[in-house]
$ cat input-v9.cif   # mmCIF, C-alpha atoms
data_entry
#
loop_
_atom_site.label_atom_id
_atom_site.label_comp_id
_atom_site.auth_asym_id
_atom_site.auth_seq_id
_atom_site.Cartn_x
_atom_site.Cartn_y
_atom_site.Cartn_z
CA MET A 1237 0.00 0.00 0.00
CA GLN A 1238 1.15 3.53 -0.73
CA ALA A 1239 1.89 5.73 2.27
CA THR A 1240 1.96 9.47 1.61
CA LEU A 1241 4.21 11.16 4.16
CA ILE A 1242 3.32 14.72 5.15
CA TYR A 1243 6.12 16.08 7.28
CA ASN A 1244 6.13 19.43 9.08
CA PRO A 1245 9.77 20.39 9.76
CA ASN A 1246 8.61 23.28 11.94
CA SER A 1247 6.95 21.04 14.55
CA GLY A 1248 8.23 21.20 18.12
CA SER A 1249 10.40 18.06 18.04
CA ALA A 1250 10.80 17.52 14.31
CA GLY A 1251 14.56 17.87 14.65
CA ARG A 1252 14.93 14.41 16.16
CA VAL A 1253 14.03 12.61 12.92
CA THR A 1254 14.45 13.35 9.22
CA SER A 1255 12.04 12.70 6.39
CA ASP A 1256 14.51 10.20 4.90
CA GLU A 1257 14.53 8.19 8.13
CA LEU A 1258 10.73 8.12 8.16
CA LEU A 1259 10.60 6.98 4.53
CA GLU A 1260 13.03 4.15 5.28
CA ALA A 1261 10.95 3.06 8.28
CA LEU A 1262 7.77 3.04 6.18
CA LEU A 1263 9.50 0.90 3.56
CA ARG A 1264 10.57 -1.59 6.25
CA ALA A 1265 6.98 -1.72 7.53
CA GLY A 1266 5.78 -2.86 4.11
CA TYR A 1267 4.55 0.41 2.62
CA TYR A 1268 5.44 2.14 -0.61
CA PRO A 1269 6.35 5.58 0.76
CA VAL A 1270 5.89 8.83 -1.11
CA TYR A 1271 7.15 12.08 0.39
CA LYS A 1272 5.21 15.28 -0.22
CA ALA A 1273 6.95 18.50 0.78
CA THR A 1274 4.54 20.97 2.40
CA SER A 1275 5.57 24.55 3.02
CA SER A 1276 2.13 26.15 2.79
CA GLU A 1277 -1.59 25.48 3.03
CA GLN A 1278 -1.80 25.63 -0.76
CA ASP A 1279 0.64 22.71 -0.95
CA LEU A 1280 -1.52 20.72 1.44
CA ASP A 1281 -4.69 21.46 -0.51
CA ALA A 1282 -3.06 20.29 -3.74
CA ILE A 1283 -1.63 17.12 -2.20
CA LEU A 1284 -4.82 15.97 -0.49
CA SER A 1285 -7.22 16.96 -3.25
CA SER A 1286 -5.28 14.74 -5.65
CA HIS A 1287 -4.79 11.87 -3.18
CA ARG A 1288 -6.14 8.65 -4.66
CA GLY A 1289 -5.94 5.94 -2.05
CA GLY A 1290 -3.53 4.58 0.50
CA LEU A 1291 -2.45 5.76 3.92
CA VAL A 1292 -1.65 9.38 4.79
CA VAL A 1293 1.11 9.61 7.42
CA VAL A 1294 1.25 12.91 9.30
CA ALA A 1295 4.53 13.74 11.02
CA GLY A 1296 3.92 16.86 13.08
CA GLY A 1297 1.98 18.34 15.96
CA ASP A 1298 -1.72 18.79 16.64
CA GLY A 1299 -1.96 21.68 14.18
CA THR A 1300 -0.59 19.62 11.32
CA VAL A 1301 -2.85 16.69 12.19
CA ARG A 1302 -5.86 19.01 12.22
CA ALA A 1303 -4.85 20.58 8.91
CA VAL A 1304 -4.76 17.17 7.24
CA ALA A 1305 -7.78 15.66 8.99
CA THR A 1306 -10.13 18.57 8.26
CA ARG A 1307 -9.33 18.15 4.58
CA LEU A 1308 -10.14 14.42 4.69
CA ILE A 1309 -13.46 14.43 6.55
CA ARG A 1310 -15.71 11.64 5.23
CA LYS A 1311 -13.11 10.80 2.55
CA LYS A 1312 -12.50 7.25 3.83
CA THR A 1313 -8.76 7.91 3.76
CA PRO A 1314 -6.89 6.45 6.76
CA ILE A 1315 -4.46 8.68 8.66
CA ALA A 1316 -1.52 7.66 10.84
CA ILE A 1317 0.06 10.10 13.29
CA LEU A 1318 3.76 10.45 14.10
CA PRO A 1319 3.59 12.97 16.98
CA LEU A 1320 6.34 15.57 16.64
CA GLY A 1321 4.62 18.54 18.27
CA THR A 1322 4.81 20.13 21.69
CA ALA A 1323 1.47 19.08 23.20
CA ASN A 1324 0.39 16.18 20.95
CA ASN A 1325 -3.07 16.13 22.54
CA ILE A 1326 -4.66 14.15 19.71
CA SER A 1327 -2.08 11.36 19.65
CA LYS A 1328 -2.02 11.12 23.46
CA THR A 1329 -5.81 10.80 23.57
CA LEU A 1330 -5.47 7.95 21.06
CA GLY A 1331 -2.77 6.31 23.18
CA ILE A 1332 0.00 6.70 20.61
CA ARG A 1333 3.39 6.46 22.33
CA GLY A 1334 6.98 5.85 21.32
CA GLU A 1335 9.53 7.11 18.85
CA PRO A 1336 8.42 7.71 15.24
CA TRP A 1337 10.21 4.63 13.88
CA GLU A 1338 8.66 2.49 16.64
CA ILE A 1339 5.19 3.76 15.75
CA ILE A 1340 5.80 3.05 12.05
CA ALA A 1341 6.93 -0.50 12.85
CA GLY A 1342 3.62 -1.01 14.67
CA LEU A 1343 1.75 0.09 11.54
CA SER A 1344 2.73 -3.11 9.75
CA GLU A 1345 -0.44 -4.54 11.32
CA PRO A 1346 -2.44 -1.43 12.26
CA ARG A 1347 -5.46 -1.08 14.52
CA LYS A 1348 -8.25 1.00 13.01
CA CYS A 1349 -9.91 3.70 15.09
CA TYR A 1350 -12.69 6.11 14.15
CA PHE A 1351 -12.58 9.68 15.38
CA ASP A 1352 -15.37 12.22 15.79
CA VAL A 1353 -14.91 15.74 14.42
CA GLY A 1354 -16.57 18.84 15.84
CA HIS A 1355 -18.56 21.01 13.43
CA VAL A 1356 -19.18 24.68 14.22
CA LEU A 1357 -21.79 26.75 12.39
CA SER A 1358 -21.51 30.44 13.25
CA PRO A 1359 -22.14 33.97 11.97
CA TRP A 1360 -18.68 33.95 10.34
CA GLY A 1361 -19.02 30.57 8.59
CA GLU A 1362 -18.24 26.91 9.27
CA ASP A 1363 -15.32 25.42 11.18
CA TYR A 1364 -14.11 22.01 12.31
CA PHE A 1365 -12.25 20.99 15.45
CA LEU A 1366 -10.52 17.83 16.61
CA GLU A 1367 -9.61 18.92 20.15
CA ALA A 1368 -11.86 21.66 21.48
CA PHE A 1369 -14.10 24.62 20.81
CA GLY A 1370 -14.73 27.21 23.46
CA PHE A 1371 -15.02 30.75 24.70
CA GLY A 1372 -14.12 32.69 27.80
CA LEU A 1373 -10.74 32.92 29.49
CA TYR A 1374 -8.72 30.57 27.28
CA ALA A 1375 -10.07 32.05 24.04
CA GLU A 1376 -9.18 35.55 25.22
CA LEU A 1377 -5.70 34.39 26.25
CA LEU A 1378 -5.19 32.85 22.82
CA ALA A 1379 -6.41 35.98 21.04
CA GLU A 1380 -4.05 38.18 23.04
CA TYR A 1381 -1.12 35.77 22.74
CA GLU A 1382 -1.36 35.45 18.93
CA PRO A 1383 0.28 32.01 18.55
CA GLU A 1384 1.17 32.70 14.92
CA LYS A 1385 3.93 34.98 16.27
CA GLY A 1386 5.71 31.93 17.68
CA LYS A 1387 5.97 30.35 21.12
CA SER A 1388 7.51 32.25 24.01
CA ILE A 1389 7.38 31.51 27.74
CA LEU A 1390 7.89 35.16 28.65
CA ARG A 1391 5.17 36.30 26.27
CA SER A 1392 2.87 33.61 27.69
CA ILE A 1393 3.36 34.88 31.24
CA SER A 1394 2.88 38.49 30.17
CA THR A 1395 -0.28 37.63 28.24
CA ALA A 1396 -1.77 35.60 31.09
CA THR A 1397 -1.11 38.39 33.59
CA LYS A 1398 -2.72 41.00 31.38
CA VAL A 1399 -5.81 39.02 30.39
CA MET A 1400 -6.55 37.55 33.82
CA SER A 1401 -6.36 40.95 35.50
CA ASP A 1402 -8.95 42.47 33.13
CA PHE A 1403 -11.15 39.49 32.29
CA THR A 1404 -14.88 39.42 32.96
CA ALA A 1405 -17.12 36.51 32.04
CA PRO A 1406 -19.02 37.08 28.78
CA GLU A 1407 -22.79 37.28 28.66
CA CYS A 1408 -24.27 34.33 26.79
CA LYS A 1409 -26.97 31.68 26.82
CA ILE A 1410 -25.93 28.03 26.56
CA THR A 1411 -28.18 25.18 25.48
CA LEU A 1412 -26.94 21.58 25.52
CA ASP A 1413 -29.10 18.98 23.76
CA GLY A 1414 -32.11 21.27 24.09
CA LYS A 1415 -31.64 22.05 27.81
CA THR A 1416 -30.60 25.53 28.93
CA ILE A 1417 -27.61 25.71 31.27
CA PRO A 1418 -28.00 28.75 33.52
CA GLY A 1419 -25.09 30.74 34.89
CA LYS A 1420 -22.19 32.95 33.97
CA PHE A 1421 -18.95 31.20 33.15
CA LEU A 1422 -15.28 32.11 33.17
CA MET A 1423 -14.64 29.42 30.59
CA VAL A 1424 -16.71 27.05 28.48
CA GLU A 1425 -15.01 24.29 26.47
CA ALA A 1426 -16.53 21.55 24.33
CA LEU A 1427 -13.83 18.87 24.29
CA ASN A 1428 -13.43 15.95 21.93
CA THR A 1429 -10.01 15.00 23.34
CA THR A 1430 -8.89 14.68 26.96
CA ALA A 1431 -6.71 17.80 26.72
CA PHE A 1432 -6.42 20.90 24.56
CA GLY A 1433 -4.00 23.76 24.04
CA PRO A 1434 -0.74 23.44 26.00
CA ARG A 1435 -1.70 20.05 27.49
CA LEU A 1436 -4.61 21.38 29.53
CA LYS A 1437 -6.11 18.06 30.60
CA VAL A 1438 -9.55 19.15 31.74
CA ALA A 1439 -11.62 16.21 30.42
CA PRO A 1440 -9.81 12.97 31.31
CA ASP A 1441 -12.88 10.87 30.43
CA ALA A 1442 -13.32 12.29 26.92
CA ASP A 1443 -13.53 9.67 24.17
CA PRO A 1444 -13.30 10.99 20.59
CA SER A 1445 -15.16 8.00 19.19
CA ASP A 1446 -18.25 7.92 21.44
CA GLY A 1447 -20.38 10.45 19.56
CA VAL A 1448 -20.52 13.01 22.40
CA PHE A 1449 -18.27 15.81 23.62
CA GLU A 1450 -17.47 16.84 27.19
CA LEU A 1451 -18.75 20.33 28.00
CA VAL A 1452 -16.47 21.76 30.69
CA ARG A 1453 -17.59 24.95 32.45
CA ILE A 1454 -16.03 27.12 35.16
CA ASP A 1455 -18.69 28.92 37.16
CA GLU A 1456 -17.82 32.57 37.78
CA GLN A 1457 -19.62 32.94 41.11
CA ASN A 1458 -17.97 29.90 42.69
CA ARG A 1459 -14.54 30.36 41.17
CA ASP A 1460 -11.55 28.71 42.83
CA SER A 1461 -8.12 30.26 43.21
CA VAL A 1462 -5.64 30.29 40.34
CA LEU A 1463 -3.43 28.01 42.44
CA ALA A 1464 -6.28 25.51 42.79
CA TYR A 1465 -6.78 25.40 39.02
CA LEU A 1466 -3.06 24.90 38.43
CA ALA A 1467 -2.92 22.15 41.05
CA GLY A 1468 -5.96 20.49 39.48
CA LEU A 1469 -4.29 20.48 36.06
CA VAL A 1470 -1.04 19.05 37.44
CA ALA A 1471 -2.87 16.33 39.38
CA GLU A 1472 -5.25 15.68 36.46
CA GLU A 1473 -8.16 16.40 38.80
CA PHE A 1474 -9.33 19.66 37.22
CA ASP A 1475 -12.82 18.31 36.60
CA GLU A 1476 -13.23 17.57 40.33
CA LEU A 1477 -12.84 21.19 41.46
CA PRO A 1478 -15.97 22.75 43.07
CA SER A 1479 -16.36 25.45 40.41
CA VAL A 1480 -16.00 23.06 37.47
CA ASP A 1481 -19.00 21.30 35.94
CA VAL A 1482 -18.81 18.69 33.19
CA SER A 1483 -21.67 17.42 31.03
CA CYS A 1484 -21.80 15.21 27.95
CA GLY A 1485 -23.75 16.21 24.88
CA LYS A 1486 -24.16 15.99 21.14
CA ARG A 1487 -25.40 19.47 20.27
CA LEU A 1488 -24.49 22.83 21.75
CA GLU A 1489 -26.08 26.18 20.99
CA ILE A 1490 -24.66 29.48 22.20
CA THR A 1491 -26.22 32.93 22.00
CA TRP A 1492 -22.97 34.68 21.21
CA ASP A 1493 -22.12 38.17 22.47
CA GLY A 1494 -19.30 38.87 19.99
CA SER A 1495 -16.37 37.93 22.24
CA HIS A 1496 -13.55 35.73 20.99
CA VAL A 1497 -13.99 32.00 20.59
CA HIS A 1498 -11.38 29.43 19.63
CA VAL A 1499 -11.54 26.44 17.31
CA ASP A 1500 -8.62 24.26 18.39
CA ALA A 1501 -5.68 26.70 18.29
CA GLU A 1502 -7.31 29.24 15.97
CA VAL A 1503 -9.18 32.33 17.16
CA ARG A 1504 -12.50 33.35 15.67
CA PRO A 1505 -13.80 35.50 14.22
CA GLU A 1506 -11.05 36.78 12.00
CA THR A 1507 -11.84 40.45 11.51
CA VAL A 1508 -9.82 40.69 8.30
CA ASP A 1509 -9.19 38.21 5.53
CA LYS A 1510 -5.91 36.46 6.28
CA PRO A 1511 -3.59 35.41 3.47
CA ARG A 1512 -2.98 31.72 3.11
CA GLY A 1513 -0.22 31.13 5.61
CA LEU A 1514 3.27 29.83 5.12
CA SER A 1515 2.58 27.13 7.69
CA PRO A 1516 0.88 23.93 6.53
CA ALA A 1517 -0.66 23.54 9.98
CA GLY A 1518 -3.80 25.61 9.42
CA GLY A 1519 -7.15 23.86 9.31
CA VAL A 1520 -9.70 24.37 6.59
CA ARG A 1521 -10.59 28.05 6.79
CA PRO A 1522 -14.21 29.19 6.87
CA ALA A 1523 -15.54 31.73 4.44
CA VAL A 1524 -14.92 34.87 6.51
CA SER A 1525 -16.43 38.28 5.92
CA SER A 1526 -14.24 41.31 6.56
CA ASN A 1527 -17.09 42.57 8.77
CA PRO A 1528 -18.65 39.46 10.31
CA ASN A 1529 -21.81 39.77 12.36
CA ARG A 1530 -20.57 40.34 15.90
CA ARG A 1531 -23.57 38.65 17.51
CA GLY A 1532 -25.77 35.67 16.79
CA LYS A 1533 -26.09 31.93 17.28
CA ILE A 1534 -23.22 29.46 17.32
CA ARG A 1535 -24.19 25.83 16.86
CA VAL A 1536 -21.80 22.98 17.62
CA LYS A 1537 -22.29 19.30 16.85
CA LEU A 1538 -20.15 16.22 16.34
CA LEU A 1539 -19.69 14.42 13.05
CA HIS A 1540 -19.57 10.86 14.34
CA LYS A 1541 -16.70 8.70 13.08
CA ALA A 1542 -15.75 11.30 10.47
CA ILE A 1543 -12.05 10.35 10.40
CA GLU A 1544 -10.29 6.98 10.35
CA PHE A 1545 -6.96 6.77 12.16
CA TRP A 1546 -4.58 3.83 11.99
CA LEU A 1547 -2.81 3.12 15.27
CA PRO A 1548 0.27 0.98 15.89
CA LYS A 1549 -0.50 -2.51 17.11
#
$ encode --input "input-v9.cif" --output "structure tokens"
Amino acid sequence: MQATLIYNPNSGSAGRVTSDELLEALLRAGYYPVYKATSSEQDLDAILSSHRGGLVVVAGGDGTVRAVATRLIRKKTPIAILPLGTANNISKTLGIRGEPWEIIAGLSEPRKCYFDVGHVLSPWGEDYFLEAFGFGLYAELLAEYEPEKGKSILRSISTATKVMSDFTAPECKITLDGKTIPGKFLMVEALNTTAFGPRLKVAPDADPSDGVFELVRIDEQNRDSVLAYLAGLVAEEFDELPSVDVSCGKRLEITWDGSHVHVDAEVRPETVDKPRGLSPAGGVRPAVSSNPNRRGKIRVKLLHKAIEFWLPK
């Protein structure tokens, strides 16, 4: 079987393995490997639109996996992940561990796994997510941080200090599977994976193949201390904190007040049309107006078993 290798050399730990080494490992595992260089989203569009069968092997982080997967929804094209990113939330949720060549060796007899994909219908268009969609504190942090400028610990600390000192919970109405959830929330996240962003493991019971997402909410009135939230994340007990509520659902509707939301690692709405980036790690972009409606309904649902992943045996 042909295996098309999509390799992102800009991923967090890409330096520990070369594309040639990955191609050799795929050949040893019984595949006919083909390497496709990707330096832009246009490259990725061209590669995947012309793909005619076989396995697609993604060597990169969560952003690269999302970029490929959102272009292959319902295409019946299997995807294998070689996690080379910083967080690797998707691969960790799937239980993928080991060095890239070890993972490839395990693909000689792969296990098939189906993966749900989140679909967002909003005033600015349609989006897809593999990890999480949400609004509130994290979305505002992401908007202020501007991850496209590159990763920086100092800038992260500065951004967090600024946003958390000024942040107030947005006004909105939330409906989950037809039932209204009252309250005002510091953060609302619909998770498909156990963690999102920089390894924020807030939904340890999330299963991306069960047809439901975990809706994690932090109640503003009963908020815990920042230290308590950090301790909860470290101990992987975030969902047990008094101010945190978790529900499962299939459909979410939000009466949106115009504040920022995030779709995986991308902030919405984009207030100007962005050029197609030089990074191949962008997901499928929605049709975005230069002046999107700043209020309206956001509807979120899961596309059940929309992606097929192959996991090492």
$ residues_around --input "input-v9.cif" --residues "region 1431-1434 of chain A" --least-positions-apart "2" --cutoff "12 Å" --atoms "all atoms listed in the file" --output "number ranges by chain"
A: 1297-1299, 1321-1330, 1365-1370, 1374-1375, 1377-1378, 1383, 1387, 1389, 1392, 1425-1429, 1436-1444, 1450, 1452, 1469, 1472, 1474-1475, 1498-1502
$ residues_around --input "input-v9.cif" --residues "Pro1346 (chain A)" --least-positions-apart "2" --cutoff "10 Å" --atoms "all atoms listed in the file" --output "compact mmCIF listing (two decimals) with C-alpha atoms, keeping the file's coordinate frame"
# COMPACT_ATOMS: atom_id res chain seq x y z
CA ALA A 1316 -1.52 7.66 10.84
CA ILE A 1339 5.19 3.76 15.75
CA ILE A 1340 5.80 3.05 12.05
CA ALA A 1341 6.93 -0.50 12.85
CA GLY A 1342 3.62 -1.01 14.67
CA LEU A 1343 1.75 0.09 11.54
CA SER A 1344 2.73 -3.11 9.75
CA LYS A 1348 -8.25 1.00 13.01
CA CYS A 1349 -9.91 3.70 15.09
CA PHE A 1545 -6.96 6.77 12.16
CA TRP A 1546 -4.58 3.83 11.99
CA LEU A 1547 -2.81 3.12 15.27
CA PRO A 1548 0.27 0.98 15.89
CA LYS A 1549 -0.50 -2.51 17.11
$ resolve_selection --input "input-v9.cif" --expression "the PyMOL selection byres ((chain A and resi 1264) around 12)" --output "list in words"
Glu1257, Leu1258, Leu1259, Glu1260, Ala1261, Leu1262, Leu1263, Ala1265, Gly1266, Tyr1267, Tyr1268, Pro1269, Trp1337, Glu1338, Ile1340, Ala1341, Gly1342, Leu1343 and Ser1344 of chain A
$ residues_around --input "input-v9.cif" --residues "region 1531-1537 of chain A" --least-positions-apart "2" --cutoff "12 Å" --atoms "all atoms listed in the file" --output "VMD selection string"
chain A and resid 1352 to 1366 1368 to 1371 1407 to 1414 1425 to 1428 1447 to 1451 1484 to 1497 1499 1504 to 1505 1527 to 1529 1539 to 1540
$ atom_distance --input "input-v9.cif" --atom1 "CA of Gly1251 (chain A)" --atom2 "CA of Ala1239 (chain A)"
21.5 Å
$ resolve_selection --input "input-v9.cif" --expression "the PyMOL selection byres ((chain A and resi 1465) around 12)" --output "CSV table (one decimal) with C-alpha atoms, keeping the file's coordinate frame"
chain,number,residue,atom,x,y,z
A,1436,LEU,CA,-4.6,21.4,29.5
A,1437,LYS,CA,-6.1,18.1,30.6
A,1438,VAL,CA,-9.6,19.2,31.7
A,1454,ILE,CA,-16.0,27.1,35.2
A,1459,ARG,CA,-14.5,30.4,41.2
A,1460,ASP,CA,-11.6,28.7,42.8
A,1461,SER,CA,-8.1,30.3,43.2
A,1462,VAL,CA,-5.6,30.3,40.3
A,1463,LEU,CA,-3.4,28.0,42.4
A,1464,ALA,CA,-6.3,25.5,42.8
A,1466,LEU,CA,-3.1,24.9,38.4
A,1467,ALA,CA,-2.9,22.2,41.0
A,1468,GLY,CA,-6.0,20.5,39.5
A,1469,LEU,CA,-4.3,20.5,36.1
A,1470,VAL,CA,-1.0,19.0,37.4
A,1471,ALA,CA,-2.9,16.3,39.4
A,1472,GLU,CA,-5.2,15.7,36.5
A,1473,GLU,CA,-8.2,16.4,38.8
A,1474,PHE,CA,-9.3,19.7,37.2
A,1475,ASP,CA,-12.8,18.3,36.6
A,1476,GLU,CA,-13.2,17.6,40.3
A,1477,LEU,CA,-12.8,21.2,41.5
A,1478,PRO,CA,-16.0,22.8,43.1
A,1479,SER,CA,-16.4,25.4,40.4
A,1480,VAL,CA,-16.0,23.1,37.5
$ atom_distance --input "input-v9.cif" --atom1 "CA of Gly1289 (chain A)" --atom2 "CA of Thr1240 (chain A)"
9.4 Å
$ resolve_selection --input "input-v9.cif" --expression "the PyMOL selection byres ((chain A and resi 1311) around 10)" --output "list in words"
Gly1289, Ala1305, Arg1307, Leu1308, Ile1309, Arg1310, Lys1312, Thr1313, Pro1314, Ala1542, Ile1543 and Glu1544 of chain A
$ atom_distance --input "input-v9.cif" --atom1 "CA of Lys1420 (chain A)" --atom2 "CA of Val1482 (chain A)"
14.7 Å
$ closest_residue --input "input-v9.cif" --among "A:Ser1255, A:Ile1242, A:Glu1382, A:Thr1306" --to "Ser1276 (chain A)" --atoms "all atoms listed in the file"
A:Ile1242
$ residues_near_point --input "input-v9.cif" --point "(-3.9, 22.6, -0.6)" --cutoff "10 Å" --atoms "only C-alpha atoms" --output "JSON, numbers by chain"
{"A": [1274, 1276, 1277, 1278, 1279, 1280, 1281, 1282, 1283, 1284, 1285, 1286, 1303, 1304, 1307, 1512, 1516, 1520]}
